[in-house]
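Colleague: Shown below is the structure under consideration.
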Amino acid sequence: MTARARMLLVPALALVLAGGAVPGSAAVLEVLNHLETGPDQQAARVLQAALQARGHEWVDFAVANGAEGLAAALLDSRVRLRNPPAVAQIKGPVIATMARRGLVMPLDDVARAERWDEALPGVVADAMKHQGRYVGVPLNIHRINWLWINQRILKQSGARVPASWDEFFATAEAMKRAGHTALAYGGHAWEEQLLFESVALGVGGPAFYRQALVAHDPAQLAGPTMARVLRTFRRIRAYTGAGQPASPQREAAVALASGGAGMLLMGDWANPQLYPEARRLGDSFACVPSPGSAGSFSFVVDSFAMFKGPAAQRRGQLDLAALVMSPAIQHDFNLRKGSIPARAGVALDGYGPCARQAAGAFQAAARDGTLVPALAMALPPDLEQAFRNVLSEFWNDERIAPETTMRRLVALTRKPPASVAASRPASVP
């Protein structure tokens with residue numbers, strides 16, 4: 001037996017002797033995830049420790065830049081080889097695809113026992129189900145439409161917190177005149193997609209967003225509102241330092257935290273980067289809805305799906321599903337991740353003001369019908385990647401007219417899935 005195996009066996013045996021696990025029930029679970037950096041790793045350790053305390057082993061398969069599509073590509077490859085991991089971190093559209101193919105375990109037994117229907121907001125529960133059955137378990141809720149602002153730079157620039165896109169550009173211009181990069185940006189296509197989503201919601205509102213980007217109404221995808229969205233989207237580029245080499249994934253948030261930029265349009269996974277214990281002395285940060293989107297909430301739900309496999313791993317998979325949904329794990333995981341609990345009613349003890357604001361905004365948007373899914377929740381991965389490619393080309397090439405981009409987006413929504421996949425550049429996993 002290896003030293004690592006002995007280390008893993010000791011706590012499991014202790015739990016068996018204490019009655020915490022049934023002899024022979026320990027499972028080894030390979031978990032494909034993209035919780036691979038900084039605060040995400042800390043959040044993952046919450047899950048790992050909880051699973052180990054139940055007598056099971058978490059074999060970590062963390063994928064760098066997994067949110068950019070690599071994790072989904074690796075999962076697809078593993079499924080094709082008939083060797084899926086026991087657990088994978090995937091979003092609603094991928095869960096639905098895997099469920100249609102009969103690859104994931106239904107979780108109805110644990111969902112009924114733990115009363116998930118009562119514990120989850122409807123929009124989250126729906127994203128975890130296929131044909132009325134639970135096939136995924138939610139880790140969290142991320143808000144996409146956030147604007148983060150370095151208060152020191154805002155004050156030095158004589159600017160104010162912007163509530164509209166006109167005000168945003170006035171603030172950005174003031175920061176630029178004061179010698180600052182106005183908007184932190186790492187040069188990645190996924191960031192450009194997030195910028196576009198915030199602009200679409202702020203310029204067009206939630207009804208337009210749903211019609212154009214969820215329902216793919218060609219009249220909206222290629223209409224005058226989308227033209228305004230694209231022009232606003234491109235205008236942002238002049239305030240980002242675009243054209244410089246791409247940075248590590250988290251560097252945009254770090255740039256804001258260290259005073260290298262005045263603003264950041266980013267989901268709330270940026271939150272832990274802005275409020276570490278050792279942040280730049282004297283800097284503080286405001287978190288407000290992205291321009292024009294007050295009252296709306298663009299969301300992403302990270303989730304786990306359990307893949308069918310050897311009977312020996314089933315108990316561990318069900319235990320992990322129950323653990324993920326427990327109030328204690330929902331609290332501790334999301335405290336580190338920067339998101340808010342997917343489970344309703346979890347106390348936010350220890351959470352900062354931005355997370356508390358997000359929780360209230362989610363409840364208000366759910367009540368008012370202004371929740372909208374991020375593209376990662378609304379589109380299958382191949383179509384999302386194709387959208388991202390088109391938007392990135394528009395962002396980086398001023399010769400491309402808005403009308404050309406609108407026609408390309410409409411064309412993508414009319415292609416069969418195989419054609420969309422085939423249109424992917426060779427450099428994209």
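Starting from 1 in every chain, residues are counted up; chains themselves are A, B, ... following the order of the structure tokens, and ligands are numbered from 1 as listed.
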Report as a tab-separated table the residues of range 143-248 of chain A within 10 Å of range 339-359 of chain A, each with its shortest atom pair and distance in Å (one decimal), using only C-alpha atoms, ordered by chain and increasing residue number.
Modeller:
```
residue	atom	partner	partner_atom	distance
A:Arg143	CA	A:Ala358	CA	7.0
A:Trp146	CA	A:Ala358	CA	9.2
A:Trp148	CA	A:Cys354	CA	9.7
```
Colleague: For the contact check between range 52-152 of chain A and range 167-172 of chain A, emit one row per residue of range 52-152 of chain A within 12 Å, containing the shortest atom pair and the distance in Å rounded to one decimal, counting only C-alpha atoms, chain then rising number order, as a tab-separated table.
Modeller:
```
residue	atom	partner	partner_atom	distance
A:Leu147	CA	A:Phe168	CA	10.0
A:Trp148	CA	A:Phe168	CA	11.9
A:Ile149	CA	A:Thr171	CA	10.6
A:Asn150	CA	A:Thr171	CA	12.0
```
Colleague: I'd like to know which of A:Met226, A:Ala321, A:Ala163, A:Met266 is closest to Gly186 in chain A, using only C-alpha atoms.
Modeller: A:Met266
Colleague: Quick check for you: according to DSSP on this backbone, which residues of range 46-292 of chain A are classed as alpha helix (DSSP H)? Reply as a count of residues only.
Modeller: 113
Colleague: Near Val372 in chain A, counting only C-alpha atoms, which residues have an atom at most 12 Å away, once you skip same-chain residues fewer than 4 positions from it, shown as a tab-separated table (two decimals) with N, CA, C and O atoms, in the first residue's frame?
Modeller:
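Heads up, here's the output in out_22.tsv:
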```
chain	number	residue	atom	x	y	z
A	123	VAL	N	-35.81	28.57	-10.82
A	123	VAL	CA	-34.94	28.65	-11.98
A	123	VAL	C	-33.72	27.76	-11.81
A	123	VAL	O	-33.20	27.20	-12.79
A	124	VAL	N	-33.27	27.57	-10.58
A	124	VAL	CA	-32.13	26.68	-10.32
A	124	VAL	C	-32.57	25.22	-10.42
A	124	VAL	O	-31.90	24.39	-11.04
A	142	HIS	N	-23.81	32.38	-9.42
A	142	HIS	CA	-22.95	33.53	-9.72
A	142	HIS	C	-23.77	34.61	-10.41
A	142	HIS	O	-24.60	34.31	-11.28
A	143	ARG	N	-23.51	35.86	-10.02
A	143	ARG	CA	-24.09	36.99	-10.76
A	143	ARG	C	-23.06	37.48	-11.77
A	143	ARG	O	-21.91	37.74	-11.43
A	144	ILE	N	-23.48	37.63	-13.02
A	144	ILE	CA	-22.58	38.07	-14.10
A	144	ILE	C	-22.54	39.59	-14.20
A	144	ILE	O	-21.48	40.18	-14.40
A	145	ASN	N	-23.70	40.25	-14.07
A	145	ASN	CA	-23.79	41.69	-14.39
A	145	ASN	C	-23.37	42.57	-13.21
A	145	ASN	O	-24.14	43.32	-12.64
A	197	GLU	N	-22.39	40.34	-22.88
A	197	GLU	CA	-23.62	39.97	-22.17
A	197	GLU	C	-24.11	41.11	-21.29
A	197	GLU	O	-25.31	41.39	-21.23
A	198	SER	N	-23.17	41.76	-20.59
A	198	SER	CA	-23.57	42.89	-19.73
A	198	SER	C	-24.09	44.05	-20.56
A	198	SER	O	-25.06	44.72	-20.16
A	200	ALA	N	-25.53	43.82	-23.55
A	200	ALA	CA	-26.83	43.42	-24.11
A	200	ALA	C	-27.93	43.59	-23.07
A	200	ALA	O	-29.04	44.07	-23.38
A	201	LEU	N	-27.65	43.22	-21.82
A	201	LEU	CA	-28.66	43.35	-20.77
A	201	LEU	C	-28.89	44.81	-20.44
A	201	LEU	O	-30.04	45.24	-20.24
A	202	GLY	N	-27.81	45.61	-20.38
A	202	GLY	CA	-27.95	47.01	-20.00
A	202	GLY	C	-28.56	47.89	-21.06
A	202	GLY	O	-29.31	48.82	-20.76
A	205	GLY	N	-32.24	45.51	-22.04
A	205	GLY	CA	-33.15	45.08	-20.99
A	205	GLY	C	-33.38	43.58	-21.03
A	205	GLY	O	-33.02	42.89	-22.00
A	206	PRO	N	-33.99	43.03	-19.98
A	206	PRO	CA	-34.14	41.57	-19.88
A	206	PRO	C	-35.03	40.97	-20.96
A	206	PRO	O	-34.77	39.84	-21.40
A	207	ALA	N	-36.08	41.68	-21.38
A	207	ALA	CA	-36.96	41.11	-22.41
A	207	ALA	C	-36.20	40.95	-23.73
A	207	ALA	O	-36.27	39.90	-24.39
A	208	PHE	N	-35.48	42.00	-24.13
A	208	PHE	CA	-34.67	41.90	-25.36
A	208	PHE	C	-33.62	40.79	-25.21
A	208	PHE	O	-33.41	40.00	-26.13
A	209	TYR	N	-32.96	40.75	-24.07
A	209	TYR	CA	-31.92	39.75	-23.84
A	209	TYR	C	-32.47	38.34	-24.07
A	209	TYR	O	-31.85	37.52	-24.77
A	210	ARG	N	-33.62	38.06	-23.47
A	210	ARG	CA	-34.19	36.73	-23.62
A	210	ARG	C	-34.62	36.44	-25.06
A	210	ARG	O	-34.40	35.34	-25.57
A	211	GLN	N	-35.20	37.43	-25.71
A	211	GLN	CA	-35.66	37.22	-27.08
A	211	GLN	C	-34.49	36.99	-28.03
A	211	GLN	O	-34.54	36.11	-28.91
A	212	ALA	N	-33.42	37.77	-27.86
A	212	ALA	CA	-32.30	37.70	-28.79
A	212	ALA	C	-31.35	36.55	-28.47
A	212	ALA	O	-30.96	35.79	-29.37
A	213	LEU	N	-30.98	36.41	-27.20
A	213	LEU	CA	-29.87	35.53	-26.85
A	213	LEU	C	-30.31	34.19	-26.29
A	213	LEU	O	-29.50	33.27	-26.19
A	214	VAL	N	-31.57	34.07	-25.91
A	214	VAL	CA	-32.08	32.79	-25.41
A	214	VAL	C	-33.03	32.16	-26.44
A	214	VAL	O	-32.87	31.00	-26.83
A	215	ALA	N	-34.00	32.95	-26.91
A	215	ALA	CA	-34.96	32.44	-27.91
A	215	ALA	C	-34.44	32.55	-29.33
A	215	ALA	O	-34.98	31.92	-30.25
A	293	SER	N	-28.33	47.84	-15.93
A	293	SER	CA	-28.93	46.54	-15.58
A	293	SER	C	-29.46	46.47	-14.15
A	293	SER	O	-29.77	45.38	-13.67
A	295	GLY	N	-31.83	46.07	-11.29
A	295	GLY	CA	-33.12	45.39	-11.29
A	295	GLY	C	-33.11	44.07	-12.03
A	295	GLY	O	-34.06	43.30	-11.92
A	296	SER	N	-32.04	43.80	-12.81
A	296	SER	CA	-31.91	42.52	-13.51
A	296	SER	C	-30.80	41.71	-12.88
A	296	SER	O	-29.93	42.24	-12.18
A	297	PHE	N	-30.81	40.43	-13.15
A	297	PHE	CA	-29.79	39.54	-12.57
A	297	PHE	C	-29.47	38.48	-13.62
A	297	PHE	O	-30.29	37.63	-13.94
A	298	SER	N	-28.25	38.54	-14.15
A	298	SER	CA	-27.76	37.54	-15.09
A	298	SER	C	-27.00	36.48	-14.30
A	298	SER	O	-26.06	36.80	-13.58
A	299	PHE	N	-27.41	35.22	-14.42
A	299	PHE	CA	-26.89	34.20	-13.52
A	299	PHE	C	-26.22	33.04	-14.24
A	299	PHE	O	-26.55	32.71	-15.39
A	300	VAL	N	-25.29	32.44	-13.53
A	300	VAL	CA	-24.67	31.17	-13.89
A	300	VAL	C	-24.74	30.27	-12.66
A	300	VAL	O	-24.49	30.74	-11.54
A	301	VAL	N	-25.08	29.03	-12.87
A	301	VAL	CA	-25.10	28.04	-11.78
A	301	VAL	C	-24.04	26.99	-12.08
A	301	VAL	O	-24.12	26.30	-13.11
A	362	PHE	N	-30.95	38.80	-6.36
A	362	PHE	CA	-31.50	37.58	-6.95
A	362	PHE	C	-32.95	37.38	-6.55
A	362	PHE	O	-33.81	37.07	-7.39
A	365	ALA	N	-35.11	39.95	-8.41
A	365	ALA	CA	-35.25	39.65	-9.84
A	365	ALA	C	-36.14	38.43	-10.06
A	365	ALA	O	-36.92	38.37	-11.02
A	366	ALA	N	-36.03	37.44	-9.17
A	366	ALA	CA	-36.92	36.27	-9.28
A	366	ALA	C	-38.37	36.68	-9.09
A	366	ALA	O	-39.27	36.20	-9.80
A	368	ASP	N	-39.61	39.71	-9.71
A	368	ASP	CA	-40.03	40.65	-10.75
A	368	ASP	C	-39.92	40.09	-12.17
A	368	ASP	O	-40.25	40.77	-13.14
A	376	ALA	N	-23.62	30.93	-20.97
A	376	ALA	CA	-23.16	29.60	-20.56
A	376	ALA	C	-24.30	28.74	-20.06
A	376	ALA	O	-24.21	27.51	-20.08
A	377	MET	N	-25.38	29.35	-19.60
A	377	MET	CA	-26.56	28.62	-19.13
A	377	MET	C	-27.61	28.45	-20.21
A	377	MET	O	-28.49	27.61	-20.10
A	378	ALA	N	-27.52	29.28	-21.25
A	378	ALA	CA	-28.56	29.30	-22.27
A	378	ALA	C	-28.20	28.53	-23.53
A	378	ALA	O	-29.09	28.10	-24.27
```
Colleague: List every residue of range 170-287 of chain A that DSSP, applied to the backbone of this structure, assigns to strand (DSSP E or B), and report them as a list in words.
Modeller: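 DSSP on the backbone gives strand (DSSP E or B) at Leu183, Met263, Leu264, Leu265, Phe285, Ala286 and Cys287 of chain A.
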Colleague: Mind giving me the straight-line distance from CA of Ile95 in chain A to CA of Ser326 in chain A in Å, one decimal?
Modeller: 21.0 Å
Colleague: Have a look at A:Ile141, A:Val229, A:Tyr185, A:Asp319 and name the one nearest to Ala361 in chain A; count only C-alpha atoms.
Modeller: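 Ranking A:Ile141, A:Val229, A:Tyr185, A:Asp319 by distance to Ala361 in chain A, first place goes to A:Ile141.
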Colleague: Which residues are close to Leu379 in chain A, i.e. within 12 Å by only C-alpha atoms, leaving aside same-chain residues fewer than 6 positions away? Reply as a ChimeraX atom specification.
Modeller: /A:91-97,210,213-216,300,373,385-388,412-413,417,420
Colleague: Those residues you just picked out, can you put them in a file as a PDB file, in the first residue's frame with C-alpha atoms?
Modeller:
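Output file again-v1.pdb is given in full below:
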```pdb
ATOM      1  CA  LYS A  91     -23.656  23.555 -16.518  1.00  0.00           C
ATOM      2  CA  GLY A  92     -27.311  23.068 -17.363  1.00  0.00           C
ATOM      3  CA  PRO A  93     -27.060  22.672 -21.174  1.00  0.00           C
ATOM      4  CA  VAL A  94     -24.374  19.992 -20.842  1.00  0.00           C
ATOM      5  CA  ILE A  95     -26.271  18.213 -18.066  1.00  0.00           C
ATOM      6  CA  ALA A  96     -29.336  18.080 -20.325  1.00  0.00           C
ATOM      7  CA  THR A  97     -27.284  16.649 -23.198  1.00  0.00           C
ATOM      8  CA  ARG A 210     -34.195  36.726 -23.620  1.00  0.00           C
ATOM      9  CA  LEU A 213     -29.875  35.526 -26.854  1.00  0.00           C
ATOM     10  CA  VAL A 214     -32.080  32.785 -25.414  1.00  0.00           C
ATOM     11  CA  ALA A 215     -34.959  32.444 -27.905  1.00  0.00           C
ATOM     12  CA  HIS A 216     -32.779  33.552 -30.882  1.00  0.00           C
ATOM     13  CA  VAL A 300     -24.667  31.165 -13.887  1.00  0.00           C
ATOM     14  CA  PRO A 373     -29.378  33.166 -17.890  1.00  0.00           C
ATOM     15  CA  GLN A 385     -18.111  28.869 -28.446  1.00  0.00           C
ATOM     16  CA  ALA A 386     -19.288  29.855 -31.907  1.00  0.00           C
ATOM     17  CA  PHE A 387     -20.983  32.975 -30.498  1.00  0.00           C
ATOM     18  CA  ARG A 388     -17.780  33.775 -28.600  1.00  0.00           C
ATOM     19  CA  LEU A 412     -25.265  30.303 -36.196  1.00  0.00           C
ATOM     20  CA  THR A 413     -28.646  29.834 -34.534  1.00  0.00           C
ATOM     21  CA  PRO A 417     -25.355  21.319 -33.925  1.00  0.00           C
ATOM     22  CA  VAL A 420     -21.783  24.643 -35.398  1.00  0.00           C
TER      23      VAL A 420
END
```
Colleague: Can you tell me, as a list of chain:residue names, what residues are no more than 9 Å from Leu274 in chain A when counting only C-alpha atoms, ignoring any on the same chain fewer than 6 positions away?
Modeller: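 These residues fall inside the cut-off: A:Trp148, A:Ala253, A:Val254, A:Leu256, A:Ala257, A:Ser258, A:Ser284, A:Phe285.
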Colleague: For Lys129 in chain A, please output as an MDAnalysis selection string all residues within 12 Å (counting only C-alpha atoms; exclusion window: fewer than 3 positions along the same chain).
Modeller: chainID A and resid 91:100 104:108 111 116:117 120 122:126 132:138 303 305
Colleague: Go ahead and write the residues just picked, N, CA, C and O atoms, as a short mmCIF file (atom, residue, chain, number, x, y, z; two decimals), in the first residue's frame.
Modeller:
```
data_model
loop_
_atom_site.label_atom_id
_atom_site.label_comp_id
_atom_site.auth_asym_id
_atom_site.auth_seq_id
_atom_site.Cartn_x
_atom_site.Cartn_y
_atom_site.Cartn_z
N LYS A 91 -22.51 22.66 -16.63
CA LYS A 91 -23.66 23.55 -16.52
C LYS A 91 -24.88 22.93 -17.17
O LYS A 91 -24.81 21.91 -17.85
N GLY A 92 -26.02 23.61 -16.97
CA GLY A 92 -27.31 23.07 -17.36
C GLY A 92 -27.39 22.50 -18.77
O GLY A 92 -27.87 21.37 -18.95
N PRO A 93 -26.94 23.23 -19.82
CA PRO A 93 -27.06 22.67 -21.17
C PRO A 93 -26.30 21.36 -21.36
O PRO A 93 -26.76 20.47 -22.08
N VAL A 94 -25.14 21.23 -20.72
CA VAL A 94 -24.37 19.99 -20.84
C VAL A 94 -25.03 18.88 -20.04
O VAL A 94 -25.09 17.72 -20.49
N ILE A 95 -25.56 19.22 -18.86
CA ILE A 95 -26.27 18.21 -18.07
C ILE A 95 -27.44 17.65 -18.88
O ILE A 95 -27.66 16.43 -18.92
N ALA A 96 -28.19 18.53 -19.53
CA ALA A 96 -29.34 18.08 -20.32
C ALA A 96 -28.90 17.15 -21.45
O ALA A 96 -29.53 16.13 -21.72
N THR A 97 -27.79 17.50 -22.11
CA THR A 97 -27.28 16.65 -23.20
C THR A 97 -26.89 15.28 -22.68
O THR A 97 -27.23 14.24 -23.28
N MET A 98 -26.17 15.25 -21.57
CA MET A 98 -25.73 13.98 -21.00
C MET A 98 -26.93 13.15 -20.52
O MET A 98 -26.94 11.93 -20.63
N ALA A 99 -27.94 13.82 -19.99
CA ALA A 99 -29.14 13.10 -19.53
C ALA A 99 -29.89 12.49 -20.72
O ALA A 99 -30.38 11.36 -20.63
N ARG A 100 -29.99 13.24 -21.81
CA ARG A 100 -30.66 12.69 -23.00
C ARG A 100 -29.96 11.44 -23.51
O ARG A 100 -30.60 10.54 -24.06
N VAL A 104 -26.02 10.03 -17.15
CA VAL A 104 -25.90 10.52 -15.77
C VAL A 104 -26.94 9.87 -14.87
O VAL A 104 -28.02 9.47 -15.32
N MET A 105 -26.60 9.79 -13.60
CA MET A 105 -27.48 9.17 -12.62
C MET A 105 -28.62 10.10 -12.25
O MET A 105 -28.38 11.28 -11.96
N PRO A 106 -29.84 9.63 -12.22
CA PRO A 106 -30.92 10.41 -11.60
C PRO A 106 -30.65 10.55 -10.11
O PRO A 106 -30.15 9.63 -9.46
N LEU A 107 -30.98 11.71 -9.58
CA LEU A 107 -30.73 12.00 -8.17
C LEU A 107 -32.04 12.21 -7.41
O LEU A 107 -32.06 12.84 -6.35
N ASP A 108 -33.13 11.66 -7.93
CA ASP A 108 -34.44 11.90 -7.33
C ASP A 108 -34.54 11.37 -5.90
O ASP A 108 -35.21 11.97 -5.06
N ALA A 111 -32.86 13.80 -3.73
CA ALA A 111 -33.58 15.07 -3.84
C ALA A 111 -34.88 15.04 -3.04
O ALA A 111 -35.24 16.02 -2.38
N TRP A 116 -35.28 18.92 -2.08
CA TRP A 116 -34.66 19.93 -2.94
C TRP A 116 -35.68 20.86 -3.57
O TRP A 116 -35.41 22.05 -3.76
N ASP A 117 -36.84 20.35 -3.92
CA ASP A 117 -37.84 21.22 -4.55
C ASP A 117 -38.22 22.39 -3.66
O ASP A 117 -38.52 23.49 -4.15
N LEU A 120 -34.70 24.85 -3.31
CA LEU A 120 -34.09 25.53 -4.45
C LEU A 120 -35.05 26.51 -5.11
O LEU A 120 -36.23 26.22 -5.28
N GLY A 122 -36.89 28.16 -8.20
CA GLY A 122 -37.40 27.44 -9.35
C GLY A 122 -36.45 27.43 -10.54
O GLY A 122 -36.28 26.40 -11.20
N VAL A 123 -35.81 28.57 -10.82
CA VAL A 123 -34.94 28.65 -11.98
C VAL A 123 -33.72 27.76 -11.81
O VAL A 123 -33.20 27.20 -12.79
N VAL A 124 -33.27 27.57 -10.58
CA VAL A 124 -32.13 26.68 -10.32
C VAL A 124 -32.57 25.22 -10.42
O VAL A 124 -31.90 24.39 -11.04
N ALA A 125 -33.69 24.90 -9.79
CA ALA A 125 -34.20 23.53 -9.86
C ALA A 125 -34.43 23.10 -11.30
O ALA A 125 -34.07 21.99 -11.70
N ASP A 126 -35.01 23.99 -12.11
CA ASP A 126 -35.27 23.65 -13.52
C ASP A 126 -33.98 23.34 -14.27
O ASP A 126 -33.95 22.45 -15.14
N GLY A 132 -38.22 16.41 -15.80
CA GLY A 132 -38.79 16.42 -14.47
C GLY A 132 -37.99 15.71 -13.41
O GLY A 132 -38.39 15.70 -12.24
N ARG A 133 -36.85 15.12 -13.78
CA ARG A 133 -36.04 14.38 -12.81
C ARG A 133 -34.73 15.12 -12.57
O ARG A 133 -34.11 15.65 -13.49
N TYR A 134 -34.29 15.13 -11.30
CA TYR A 134 -33.00 15.75 -10.99
C TYR A 134 -31.87 14.91 -11.55
O TYR A 134 -31.76 13.70 -11.30
N VAL A 135 -30.99 15.57 -12.31
CA VAL A 135 -29.81 14.91 -12.85
C VAL A 135 -28.55 15.72 -12.54
O VAL A 135 -27.45 15.40 -13.01
N GLY A 136 -28.70 16.80 -11.78
CA GLY A 136 -27.57 17.63 -11.38
C GLY A 136 -27.83 18.20 -10.01
O GLY A 136 -28.97 18.25 -9.54
N VAL A 137 -26.75 18.61 -9.35
CA VAL A 137 -26.85 19.23 -8.03
C VAL A 137 -26.11 20.56 -8.08
O VAL A 137 -24.96 20.62 -8.52
N PRO A 138 -26.76 21.67 -7.68
CA PRO A 138 -26.15 22.99 -7.84
C PRO A 138 -25.18 23.33 -6.72
O PRO A 138 -25.46 23.11 -5.53
N SER A 303 -22.54 23.38 -11.25
CA SER A 303 -23.24 22.19 -10.76
C SER A 303 -22.41 20.95 -11.01
O SER A 303 -21.49 20.93 -11.84
N ALA A 305 -22.72 16.79 -11.95
CA ALA A 305 -23.51 15.66 -12.43
C ALA A 305 -22.75 14.39 -12.09
O ALA A 305 -21.51 14.37 -12.09
#
```
